[in-house]
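Down below is the structure, laid out as C-alpha cells.
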Amino acid sequence: MKKIILLLTSVLAIVTMQAQNTNPIPQINVTGTSEIKISPNYAVITIGAETRNEKSEVAKKTNDAIIANMLKTIKKHKIDDKHFKTNQVNLFKNRDYEKKKDFYLANQTFVIELYNLKNYDTLINDLIGNGANVLQGIELKSTEIEKYNAELRAKAVLDAKKKAEDFVKPLGQKVGKAILISDNSANVYMPRQFAMKANMEVADAGGIEPTLAIGEIVINTNVSISFELL
C-alpha cells in the first residue's frame with residue numbers, strides 16, 4: 001500500500017511540474033532600430049583588360065602586356081602591395097556567330113583598395129591610358145564601420161526597451177528581463193557602376209574631370225527582443 005501511495009505521489013509531482021513548465025511566460029515582442037550615415041574613406045576598384053584574337057597565344061600575350069603596364073601604373077601611384085591583387089585570369093574560346101569565326105578571349109582584372117579618393121580619377125585615367133578597358137565597378141567603404149556598430153547595437157536595444165515600456169505602461173505593467181534577443185541587421189553595400197566609355201572619352205581629351213560621387217554609407221542595426229512582463 002505504501003508503495004502505491006509513493007508511486008501516486010511521484011506521478012502527481014511530475015504532472016504538477018509539467019503543468020508549471022507549460023505555463024507560458026507573459027512577454028512582449030518588439031523591435032529596435034538605430035541608424036547613422038558616414039562618409040566613405042576608401043574605394044575598392046575592380047578594373048582590368050580584355051583582348052581577343054584568333055590565336056590563343058596572341059590574345060594572352062597581348063593581354064599580359066597590358067596587365068604589365070597597368071601594374072606599373074598602380075605602383076607609380078604609390079599604392080601598397082597589400083592594397084591590390086589579381087582578381088581573375090581567364091582565357092577561353094568564343095565564337096562570332098555573325099562572321100562565323102572562332103576567337104580566343106583573354107581577360108585579367110585587379111582589385112585595388114584606394115585610400116586617397118582624390119586620386120580616383122587620375123588613377124583610373126592612367127590605367128585606361130595604359131590599356132585598361134574593363135571597369136567592373138567600384139565599392140565605396142569606410143574603415144570606421146566597426147567603430148560605430150557597437151554604439152548602434154546599444155542604441156537599438158534601448159530603442160526596443162523603450163517601445164516595450166511605452167506599450168505596457170497604459171496597462172499598469174512593467175518590463176522585466178530580456179528573454180530572447182535576435183540581430184536582424186543586414187548591411188549590404190552595393191558597388192557603384194561606372195561606364196568605361198565616359199572615362200575613356202575624358203582620357204582621350206587629355207583632361208581629368210571628377211566622376212566620383214562619394215555620397216554616404218548608411219549603417220543600421222535592427223534587433224528583435226522578447227521581454228518578460230511583470
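Letters A, B, ... mark the chains of the C-alpha cells in the order given; residue numbers begin at 1 per chain; ligand numbers begin at 1, in order shown.
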
List every residue of segment 105-220 of chain A that has an atom at most 7 Å from any atom of segment 69-75 of chain A, giving for each one its closest atom pair and the distance in Å to one decimal, counting only C-alpha atoms, sorted by chain and then by ascending residue number, as a Markdown table.
```
| residue | atom | partner | partner_atom | distance |
| --- | --- | --- | --- | --- |
| A:Asp126 | CA | A:Thr73 | CA | 6.9 |
| A:Leu127 | CA | A:Met70 | CA | 5.7 |
| A:Asn130 | CA | A:Asn69 | CA | 6.0 |
```

Can you pull out the residues contacting segment 107-119 of chain A? Cut-off 8 Å, using only C-alpha atoms, and skip same-chain residues under 2 positions away; I want them as a VMD selection string.
chain A and resid 41 to 51 63 67 79 83 to 91 105 121 to 123 134

Write out, as an mmCIF file, in the first residue's frame, the residues just selected, with C-alpha atoms.
```cif
data_model
loop_
_atom_site.group_PDB
_atom_site.id
_atom_site.type_symbol
_atom_site.label_atom_id
_atom_site.label_comp_id
_atom_site.auth_asym_id
_atom_site.auth_seq_id
_atom_site.Cartn_x
_atom_site.Cartn_y
_atom_site.Cartn_z
ATOM 1 C CA ASN A 41 37.030 56.948 -46.843
ATOM 2 C CA TYR A 42 38.236 54.368 -49.346
ATOM 3 C CA ALA A 43 37.152 52.609 -52.528
ATOM 4 C CA VAL A 44 37.508 49.058 -53.811
ATOM 5 C CA ILE A 45 38.001 49.189 -57.577
ATOM 6 C CA THR A 46 37.783 46.196 -59.909
ATOM 7 C CA ILE A 47 39.460 47.002 -63.210
ATOM 8 C CA GLY A 48 41.266 45.071 -65.925
ATOM 9 C CA ALA A 49 41.790 44.396 -69.606
ATOM 10 C CA GLU A 50 40.169 42.174 -72.211
ATOM 11 C CA THR A 51 41.755 41.184 -75.522
ATOM 12 C CA ASN A 63 46.653 40.838 -72.544
ATOM 13 C CA ILE A 67 48.363 43.987 -67.468
ATOM 14 C CA ILE A 79 49.597 52.012 -53.757
ATOM 15 C CA HIS A 83 46.152 47.004 -51.246
ATOM 16 C CA PHE A 84 45.915 45.434 -54.698
ATOM 17 C CA LYS A 85 45.800 41.922 -56.093
ATOM 18 C CA THR A 86 44.933 39.943 -59.207
ATOM 19 C CA ASN A 87 41.260 39.082 -59.060
ATOM 20 C CA GLN A 88 40.803 36.745 -62.011
ATOM 21 C CA VAL A 89 42.600 35.440 -65.105
ATOM 22 C CA ASN A 90 40.669 33.895 -67.984
ATOM 23 C CA LEU A 91 41.432 32.562 -71.448
ATOM 24 C CA LEU A 105 39.196 35.920 -75.371
ATOM 25 C CA ASP A 121 40.122 59.981 -61.483
ATOM 26 C CA THR A 122 43.858 60.291 -62.049
ATOM 27 C CA LEU A 123 44.394 56.602 -61.304
ATOM 28 C CA VAL A 134 37.128 46.735 -68.326
#
```

Do you have the atom CA of Ile66 of chain A-atom CA of Asp81 of chain A distance handy?
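A separation of 18.7 Å between them.
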
Which neighbours of segment 158-167 of chain A fall inside 7 Å, counting only C-alpha atoms, when residues of the same chain fewer than 2 positions from it are skipped, and could you give them as a ChimeraX atom specification?
/A:28,30-33,154-156,169-170,174-175,225

Minimum-distance residue to Ala65 of chain A, chosen among A:Gly215, A:Gly131, A:Pro26, A:Pro40 (using only C-alpha atoms)
A:Gly131

According to DSSP computed on the backbone, where in segment 17-189 of chain A is there alpha helix (DSSP H)? Give the residues as an MDAnalysis selection string.
chainID A and resid 17:22 56:76 120:129 145:168

Residues near Gln27 of chain A, cut-off 6 Å, only C-alpha atoms, skip fewer than 4 positions along chain, as a ChimeraX atom specification:
/A:227-229

Can you tell me which residues surround Asn184 of chain A at a distance of at most 9 Å, considering only C-alpha atoms, apart from same-chain residues fewer than 4 positions away, and format the answer as a list of chain:residue names?
A:Thr221, A:Asn222, A:Val223, A:Ser224

So, with only C-alpha atoms as the atoms that count, which of A:Val168, A:Ala150, A:Ile181, A:Ala68 lies closest to Ser34 of chain A?
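That would be A:Ala150, the residue with the smallest distance to Ser34 of chain A.
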